[in-house]
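Student: So here's structure05.cif (mmCIF, C-alpha atoms and all ligand atoms).
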```
data_data
#
loop_
_atom_site.label_atom_id
_atom_site.label_comp_id
_atom_site.auth_asym_id
_atom_site.auth_seq_id
_atom_site.Cartn_x
_atom_site.Cartn_y
_atom_site.Cartn_z
CA MET A 1 -1.05 -47.29 25.06
CA HIS A 2 2.29 -45.76 25.88
CA LYS A 3 2.76 -42.09 26.59
CA PRO A 4 3.94 -40.10 23.52
CA THR A 5 7.50 -38.82 23.77
CA PRO A 6 8.08 -35.05 23.98
CA LEU A 7 9.42 -35.24 20.42
CA ALA A 8 6.21 -36.85 19.18
CA VAL A 9 4.16 -34.20 20.96
CA ALA A 10 6.27 -31.50 19.32
CA LEU A 11 5.74 -33.11 15.92
CA LEU A 12 2.00 -33.36 16.50
CA LEU A 13 1.90 -29.71 17.51
CA ALA A 14 3.90 -28.75 14.47
CA ALA A 15 1.50 -30.73 12.28
CA GLY A 16 -1.41 -28.99 14.01
CA LEU A 17 0.16 -25.60 13.39
CA ILE A 18 0.61 -26.36 9.72
CA ASP A 19 -3.05 -27.38 9.55
CA ALA A 20 -4.04 -24.17 11.29
CA GLN A 21 -2.34 -21.99 8.63
CA ALA A 22 -5.09 -22.84 6.21
CA ALA A 23 -7.53 -19.99 6.25
CA THR A 24 -8.25 -17.79 3.26
CA LEU A 25 -10.21 -14.60 3.65
CA GLN A 26 -12.08 -13.15 0.69
CA LEU A 27 -13.31 -9.63 1.32
CA ASN A 28 -15.97 -7.52 -0.32
CA VAL A 29 -15.43 -3.94 0.78
CA THR A 30 -18.04 -1.26 0.20
CA ASP A 31 -18.29 2.41 1.07
CA LYS A 32 -20.97 3.87 3.34
CA ASP A 33 -23.42 3.94 0.41
CA GLY A 34 -22.85 0.25 -0.32
CA ARG A 35 -20.82 0.79 -3.49
CA PRO A 36 -17.62 -1.23 -4.07
CA ALA A 37 -14.63 0.61 -2.55
CA ALA A 38 -11.32 0.43 -4.44
CA ASP A 39 -7.85 1.14 -3.03
CA VAL A 40 -8.75 0.22 0.52
CA VAL A 41 -5.94 -1.17 2.68
CA VAL A 42 -7.02 -4.33 4.51
CA LEU A 43 -5.01 -5.37 7.56
CA VAL A 44 -5.58 -8.63 9.45
CA GLU A 45 -4.03 -9.18 12.88
CA PRO A 46 -4.28 -12.62 14.51
CA ALA A 47 -4.64 -12.76 18.32
CA ALA A 48 -0.97 -13.77 18.50
CA LYS A 49 0.63 -10.97 16.50
CA VAL A 50 3.16 -11.93 13.86
CA ALA A 51 5.87 -9.56 12.58
CA PRO A 52 5.97 -9.34 8.78
CA ALA A 53 8.95 -10.36 6.68
CA PRO A 54 10.12 -7.55 4.37
CA ALA A 55 9.35 -7.93 0.66
CA ALA A 56 12.05 -10.07 -0.97
CA ALA A 57 12.85 -7.42 -3.61
CA PRO A 58 12.36 -3.64 -3.85
CA VAL A 59 8.72 -2.74 -4.55
CA VAL A 60 8.56 -0.44 -7.58
CA ILE A 61 6.46 2.72 -7.70
CA ALA A 62 6.73 4.35 -11.14
CA GLN A 63 6.37 8.05 -11.93
CA GLU A 64 4.61 7.84 -15.24
CA GLY A 65 2.32 10.29 -17.08
CA LEU A 66 2.34 12.64 -14.06
CA ARG A 67 1.09 9.88 -11.78
CA PHE A 68 2.38 7.51 -9.17
CA VAL A 69 1.76 4.03 -10.56
CA PRO A 70 0.21 2.26 -8.77
CA PHE A 71 -1.66 4.95 -6.86
CA LEU A 72 -1.65 2.80 -3.71
CA THR A 73 1.18 0.49 -2.65
CA VAL A 74 0.96 -1.68 0.48
CA VAL A 75 4.20 -3.24 1.71
CA PRO A 76 5.22 -5.17 4.82
CA ALA A 77 7.34 -3.17 7.30
CA GLY A 78 11.07 -3.40 6.59
CA SER A 79 10.59 -3.42 2.80
CA THR A 80 12.38 -1.22 0.30
CA LEU A 81 10.47 1.04 -2.10
CA ARG A 82 12.04 1.85 -5.45
CA PHE A 83 10.83 5.04 -7.16
CA THR A 84 11.48 4.99 -10.90
CA ASN A 85 10.89 7.96 -13.21
CA LYS A 86 9.54 6.87 -16.59
CA ASP A 87 8.63 10.37 -17.79
CA ALA A 88 10.61 12.58 -20.16
CA TYR A 89 10.92 15.23 -17.45
CA ASP A 90 12.19 15.40 -13.90
CA HIS A 91 10.15 14.65 -10.79
CA HIS A 92 10.90 15.65 -7.24
CA VAL A 93 9.30 12.96 -5.09
CA ARG A 94 8.53 13.68 -1.45
CA SER A 95 6.73 12.06 1.46
CA MET A 96 3.64 13.88 2.71
CA PRO A 97 1.04 13.54 5.43
CA SER A 98 -2.02 11.47 4.47
CA GLY A 99 -5.71 12.19 4.76
CA PRO A 100 -7.89 14.95 3.27
CA LEU A 101 -6.73 17.38 5.98
CA GLY A 102 -3.17 16.08 6.07
CA SER A 103 -3.83 14.91 9.62
CA MET A 104 -1.95 11.61 9.38
CA PRO A 105 1.81 12.15 9.60
CA ALA A 106 3.99 10.18 7.20
CA ALA A 107 5.55 7.02 8.66
CA ALA A 108 8.77 7.87 6.79
CA SER A 109 10.27 11.16 5.64
CA PHE A 110 12.12 11.53 2.34
CA GLU A 111 12.54 13.66 -0.75
CA PHE A 112 14.70 13.34 -3.83
CA ARG A 113 14.85 14.57 -7.38
CA LEU A 114 14.64 12.00 -10.17
CA ASP A 115 16.08 12.77 -13.58
CA ALA A 116 14.03 12.42 -16.74
CA ALA A 117 14.07 8.98 -18.32
CA GLU A 118 15.94 9.03 -21.60
CA GLY A 119 13.81 8.11 -24.58
CA ALA A 120 10.51 8.52 -22.70
CA PRO A 121 7.68 10.10 -24.71
CA ALA A 122 7.26 13.82 -24.06
CA ALA A 123 4.21 14.88 -22.09
CA PRO A 124 1.31 16.65 -23.85
CA VAL A 125 1.76 20.40 -23.41
CA ASP A 126 -1.44 20.82 -21.35
CA GLU A 127 -0.22 18.27 -18.83
CA TYR A 128 3.16 19.81 -18.49
CA GLN A 129 1.97 22.21 -15.78
CA ALA A 130 4.71 24.78 -16.23
CA ALA A 131 7.37 22.34 -15.08
CA PRO A 132 10.96 23.23 -15.86
CA ARG A 133 12.24 21.94 -19.19
CA PRO A 134 14.29 18.77 -18.95
CA ARG A 135 17.79 19.82 -18.11
CA LYS A 136 21.01 18.57 -19.56
CA ARG A 137 23.04 16.99 -16.82
CA SER A 138 26.54 15.73 -16.63
CA GLY A 139 27.09 12.14 -15.65
CA THR A 140 24.62 9.28 -15.57
CA PRO A 141 20.96 10.30 -15.13
CA GLN A 142 19.58 9.27 -11.74
CA THR A 143 16.11 8.03 -12.63
CA SER A 144 15.63 5.77 -9.58
CA ALA A 145 15.89 6.07 -5.82
CA GLU A 146 15.29 3.57 -3.02
CA VAL A 147 13.80 4.10 0.43
CA LYS A 148 13.59 1.50 3.21
CA VAL A 149 10.40 1.76 5.25
CA ASP A 150 10.55 0.28 8.76
CA LYS A 151 7.77 2.08 10.61
CA ALA A 152 4.18 0.96 10.03
CA GLY A 153 1.62 3.49 8.85
CA PRO A 154 0.65 5.66 5.90
CA ILE A 155 3.04 7.66 3.71
CA GLY A 156 1.48 10.16 1.32
CA LEU A 157 3.41 10.79 -1.90
CA GLY A 158 3.70 14.07 -3.76
CA CYS A 159 5.96 15.91 -6.20
CA HIS A 160 7.48 19.34 -5.60
CA ILE A 161 7.30 20.13 -9.33
CA HIS A 162 3.82 18.81 -10.13
CA GLY A 163 1.32 19.78 -7.45
CA SER A 164 -1.43 17.46 -8.68
CA MET A 165 0.69 14.30 -8.42
CA ARG A 166 -0.56 12.19 -5.53
CA GLY A 167 0.21 8.68 -4.43
CA GLN A 168 -0.07 6.63 -1.30
CA VAL A 169 1.98 4.01 0.49
CA TYR A 170 0.84 2.01 3.49
CA VAL A 171 3.46 0.16 5.52
CA SER A 172 1.80 -2.87 7.09
CA PRO A 173 2.59 -3.97 10.66
CA THR A 174 1.23 -7.45 9.87
CA PRO A 175 2.16 -9.99 7.19
CA PHE A 176 -1.56 -10.38 6.45
CA PHE A 177 -2.60 -7.45 4.26
CA ALA A 178 -4.14 -6.65 0.90
CA LYS A 179 -5.63 -3.79 -1.08
CA THR A 180 -9.01 -3.87 -2.74
CA ASP A 181 -9.34 -3.90 -6.53
CA ALA A 182 -11.76 -1.78 -8.60
CA GLU A 183 -14.62 -4.09 -7.54
CA GLY A 184 -13.79 -3.66 -3.86
CA ARG A 185 -12.45 -7.19 -3.59
CA ALA A 186 -9.36 -8.39 -1.74
CA ARG A 187 -8.05 -11.80 -0.77
CA ILE A 188 -5.59 -12.82 1.93
CA ASP A 189 -4.16 -16.36 1.99
CA ASN A 190 -2.27 -18.43 4.55
CA LEU A 191 -4.03 -16.94 7.53
CA PRO A 192 -4.02 -18.77 10.86
CA ASP A 193 -7.39 -20.20 11.91
CA GLY A 194 -9.10 -18.55 14.83
CA ALA A 195 -10.05 -15.05 15.89
CA VAL A 196 -8.51 -12.20 13.94
CA GLU A 197 -8.99 -8.46 13.92
CA LEU A 198 -9.75 -6.90 10.55
CA THR A 199 -9.07 -3.20 9.98
CA LEU A 200 -9.65 -1.04 6.91
CA TRP A 201 -7.70 2.08 5.97
CA HIS A 202 -8.35 4.54 3.16
CA ALA A 203 -6.36 7.62 2.16
CA ASP A 204 -9.52 9.78 2.33
CA GLN A 205 -10.59 8.80 5.80
CA LEU A 206 -11.04 11.48 8.46
CA THR A 207 -11.41 9.05 11.33
CA GLU A 208 -10.10 5.54 11.96
CA GLN A 209 -12.23 2.67 10.72
CA PRO A 210 -13.54 0.50 13.57
CA ALA A 211 -11.84 -2.89 13.79
CA GLN A 212 -13.97 -5.93 13.05
CA ARG A 213 -13.51 -9.34 14.69
CA VAL A 214 -13.69 -12.32 12.37
CA GLN A 215 -13.57 -16.00 13.33
CA LEU A 216 -11.54 -17.73 10.62
CA THR A 217 -12.01 -21.35 9.64
CA GLY A 218 -10.76 -22.50 6.26
CA ALA A 219 -11.92 -20.39 3.34
CA GLN A 220 -14.54 -17.74 3.87
CA THR A 221 -15.97 -14.55 2.48
CA THR A 222 -16.57 -11.51 4.64
CA ALA A 223 -18.13 -8.15 3.95
CA ALA A 224 -16.57 -5.00 5.35
CA GLN A 225 -17.69 -1.41 5.04
CA LEU A 226 -16.03 1.98 5.24
CA ASN A 227 -17.78 4.49 7.50
CA PHE A 228 -17.64 7.18 4.78
CA VAL A 229 -17.72 7.65 1.00
CA PRO A 230 -14.28 8.26 -0.58
CA ARG A 231 -14.08 11.00 -3.19
CA ARG A 232 -13.67 9.85 -6.79
CA ARG A 233 -10.12 9.76 -8.02
CA ARG A 234 -9.28 10.86 -11.56
CA PRO A 235 -9.00 7.71 -13.69
CU CU B 301 6.59 15.48 -10.79
#
```
Hey, can you dump this file as structure tokens for me?
Ligand SMILES: [Cu+2]
Tutor:
Amino acid sequence: MHKPTPLAVALLLAAGLIDAQAATLQLNVTDKDGRPAADVVVLVEPAAKVAPAPAAAPVVIAQEGLRFVPFLTVVPAGSTLRFTNKDAYDHHVRSMPSGPLGSMPAAASFEFRLDAAEGAPAAPVDEYQAAPRPRKRSGTPQTSAEVKVDKAGPIGLGCHIHGSMRGQVYVSPTPFFAKTDAEGRARIDNLPDGAVELTLWHADQLTEQPAQRVQLTGAQTTAAQLNFVPRRRRP
């Protein structure tokens, strides 16, 4: 048998690498009491770290009904967030520290006022929270603003006008991330086979969640648990 050429070796390696990108991780995340934990950020780092590619298009976070929708947005580092006001009144979006004690500084700093969306339904009076009346402005209303987020980490979201408005962004340092649904489930595809480090993050956490090592081969399901019980969020 003749010795394979360097090109053949390279092709075999490439084929092997393609085969290795086959793992799928299904996660069931619970809180300390064993109940399904929603809105948990799941980050997976392979032994050989990979930088994420930014999202192909701006990731939209709506201001709607005095809420940030969705409450939690996870994006790869380098992505652009687009804040869009869908309410009939102004919002003044700002970045905030995260965590119950505000102990986690925001990975990006921004604030901007967004004009009321024309034609949006008016808010019920009891939800209006003494906000200023919508103002007549000259020119085109500015209902959207974009922010590029390069640094990995959490960014809390708030509104200068409406104190109860809270949202959360997490900028992922890895291309392998997800957030859990209402049943505490998350799924990450196209993972490399082999040892990976799995980390959880939740906006209510007071301390970091210990990283968990997982040996990936093909498709598998893993349980992960927060070391605390998050407070209930208003529905
Ligand atoms: Cu607001």
Student: Calculated over only C-alpha atoms and all ligand atoms, which of the candidates A:Lys49, A:His162, A:Arg113, A:Lys151 has the smallest distance to ligand CU 301 (chain B)?
Tutor: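 Of all the options, A:His162 lies closest to ligand CU 301 (chain B).
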Student: Each residue of chain A lying at most 8 Å from ligand CU 301 (chain B) should get a row with its shortest atom-to-atom pair and the distance in Å to one decimal, counting only C-alpha atoms and all ligand atoms; could you produce that, ordered by chain and increasing number, as a tab-separated table?
Tutor:
```
residue	atom	partner	partner_atom	distance
A:Gln63	CA	B:CU301	CU	7.5
A:Leu66	CA	B:CU301	CU	6.1
A:Arg67	CA	B:CU301	CU	7.9
A:Tyr89	CA	B:CU301	CU	7.9
A:Asp90	CA	B:CU301	CU	6.4
A:His91	CA	B:CU301	CU	3.7
A:His92	CA	B:CU301	CU	5.6
A:Val93	CA	B:CU301	CU	6.8
A:Gly158	CA	B:CU301	CU	7.7
A:Cys159	CA	B:CU301	CU	4.7
A:His160	CA	B:CU301	CU	6.5
A:Ile161	CA	B:CU301	CU	4.9
A:His162	CA	B:CU301	CU	4.4
A:Gly163	CA	B:CU301	CU	7.6
A:Met165	CA	B:CU301	CU	6.5
```
Student: Take every atom of stretch 97-111 of chain A listed in the file, pad by 4 Å on each side, and give me the axis-aligned box centre and edge lengths in Å, one decimal, as AutoDock Vina command-line options.
Tutor:
```
--center_x 2.3 --center_y 12.2 --center_z 4.4 --size_x 28.4 --size_y 18.4 --size_z 18.4
```
Student: Figure out the distance between atom CA of A:Phe176 and atom CA of A:Pro154, please, to one decimal in Å.
Tutor: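 Pair atom CA of A:Pro154 / atom CA of A:Phe176 returns 16.2 Å.
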Student: Nearest to A:Ile155: which of A:Ala182, A:Ala223, A:Val75, A:Leu206 is it, counting only C-alpha atoms?
Tutor: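 With only C-alpha atoms as the atom set, the closest residue is A:Val75.
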Student: With all atoms listed in the file as the atoms that count, which of A:Pro76, A:Gly167, A:Pro36, A:Pro175 lies nearest to A:Ile61?
Tutor: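 The shortest atom-to-atom distance to A:Ile61 comes from A:Gly167.
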Student: Just how far from atom CA of A:Arg233 is atom CA of A:Val171, in Å to one decimal?
Tutor: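 Atom CA of A:Arg233 lies at a distance of 21.4 Å from atom CA of A:Val171.
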Student: Quick one: residues within 12 Å of A:Ala203, all atoms listed in the file counted, chain neighbours fewer than 6 positions away excluded, as a ChimeraX atom specification?
Tutor: /A:37-41,71-74,96-106,153-157,166-170,179,209,226,228-233
Student: Please report the interatomic distance between atom CA of A:Glu45 and atom CA of A:Lys148 in Å with one decimal.
Tutor: 22.8 Å
Student: Emit stretch 16-72 of chain A of the structure in the block as a file comprising C-alpha atoms, as a PDB file, in the first residue's frame.
Tutor:
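The new file out19.pdb reads:
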```
ATOM      1  CA  GLY A  16     -13.121  13.591  10.003  1.00  0.00           C
ATOM      2  CA  LEU A  17     -13.783  17.151  11.143  1.00  0.00           C
ATOM      3  CA  ILE A  18     -17.086  17.226   9.329  1.00  0.00           C
ATOM      4  CA  ASP A  19     -18.018  13.954  11.024  1.00  0.00           C
ATOM      5  CA  ALA A  20     -17.017  15.384  14.379  1.00  0.00           C
ATOM      6  CA  GLN A  21     -19.448  18.334  14.049  1.00  0.00           C
ATOM      7  CA  ALA A  22     -22.330  16.001  14.641  1.00  0.00           C
ATOM      8  CA  ALA A  23     -23.272  16.296  18.260  1.00  0.00           C
ATOM      9  CA  THR A  24     -26.613  17.588  19.475  1.00  0.00           C
ATOM     10  CA  LEU A  25     -27.149  18.443  23.102  1.00  0.00           C
ATOM     11  CA  GLN A  26     -30.644  18.397  24.565  1.00  0.00           C
ATOM     12  CA  LEU A  27     -30.808  19.972  28.004  1.00  0.00           C
ATOM     13  CA  ASN A  28     -33.317  19.729  30.808  1.00  0.00           C
ATOM     14  CA  VAL A  29     -32.602  22.547  33.231  1.00  0.00           C
ATOM     15  CA  THR A  30     -34.162  22.646  36.676  1.00  0.00           C
ATOM     16  CA  ASP A  31     -33.874  24.993  39.628  1.00  0.00           C
ATOM     17  CA  LYS A  32     -32.543  23.959  43.038  1.00  0.00           C
ATOM     18  CA  ASP A  33     -35.969  22.527  43.943  1.00  0.00           C
ATOM     19  CA  GLY A  34     -36.041  20.382  40.805  1.00  0.00           C
ATOM     20  CA  ARG A  35     -38.655  22.450  38.973  1.00  0.00           C
ATOM     21  CA  PRO A  36     -38.152  23.321  35.276  1.00  0.00           C
ATOM     22  CA  ALA A  37     -36.205  26.591  34.967  1.00  0.00           C
ATOM     23  CA  ALA A  38     -37.183  28.957  32.127  1.00  0.00           C
ATOM     24  CA  ASP A  39     -35.065  31.772  30.680  1.00  0.00           C
ATOM     25  CA  VAL A  40     -31.758  30.196  31.586  1.00  0.00           C
ATOM     26  CA  VAL A  41     -28.802  31.013  29.327  1.00  0.00           C
ATOM     27  CA  VAL A  42     -26.894  27.872  28.342  1.00  0.00           C
ATOM     28  CA  LEU A  43     -23.330  28.292  27.094  1.00  0.00           C
ATOM     29  CA  VAL A  44     -21.234  25.431  25.718  1.00  0.00           C
ATOM     30  CA  GLU A  45     -17.478  25.853  25.214  1.00  0.00           C
ATOM     31  CA  PRO A  46     -15.525  23.109  23.425  1.00  0.00           C
ATOM     32  CA  ALA A  47     -11.936  22.435  24.587  1.00  0.00           C
ATOM     33  CA  ALA A  48     -10.719  24.289  21.492  1.00  0.00           C
ATOM     34  CA  LYS A  49     -12.618  27.555  21.825  1.00  0.00           C
ATOM     35  CA  VAL A  50     -14.401  28.877  18.762  1.00  0.00           C
ATOM     36  CA  ALA A  51     -15.282  32.558  18.263  1.00  0.00           C
ATOM     37  CA  PRO A  52     -18.926  33.097  17.330  1.00  0.00           C
ATOM     38  CA  ALA A  53     -20.075  34.647  14.071  1.00  0.00           C
ATOM     39  CA  PRO A  54     -22.381  37.648  14.627  1.00  0.00           C
ATOM     40  CA  ALA A  55     -26.079  37.147  13.888  1.00  0.00           C
ATOM     41  CA  ALA A  56     -26.698  37.665  10.157  1.00  0.00           C
ATOM     42  CA  ALA A  57     -29.388  40.316  10.759  1.00  0.00           C
ATOM     43  CA  PRO A  58     -30.235  42.659  13.651  1.00  0.00           C
ATOM     44  CA  VAL A  59     -31.926  40.807  16.517  1.00  0.00           C
ATOM     45  CA  VAL A  60     -35.178  42.565  17.406  1.00  0.00           C
ATOM     46  CA  ILE A  61     -36.228  43.332  20.980  1.00  0.00           C
ATOM     47  CA  ALA A  62     -39.680  44.956  21.016  1.00  0.00           C
ATOM     48  CA  GLN A  63     -41.017  47.380  23.611  1.00  0.00           C
ATOM     49  CA  GLU A  64     -44.604  46.275  23.761  1.00  0.00           C
ATOM     50  CA  GLY A  65     -47.258  46.551  26.491  1.00  0.00           C
ATOM     51  CA  LEU A  66     -44.664  47.970  28.921  1.00  0.00           C
ATOM     52  CA  ARG A  67     -42.426  44.955  28.449  1.00  0.00           C
ATOM     53  CA  PHE A  68     -39.287  43.970  26.640  1.00  0.00           C
ATOM     54  CA  VAL A  69     -40.308  41.191  24.267  1.00  0.00           C
ATOM     55  CA  PRO A  70     -38.739  38.706  24.543  1.00  0.00           C
ATOM     56  CA  PHE A  71     -37.725  39.135  28.171  1.00  0.00           C
ATOM     57  CA  LEU A  72     -34.411  37.358  27.514  1.00  0.00           C
TER      58      LEU A  72
END
```
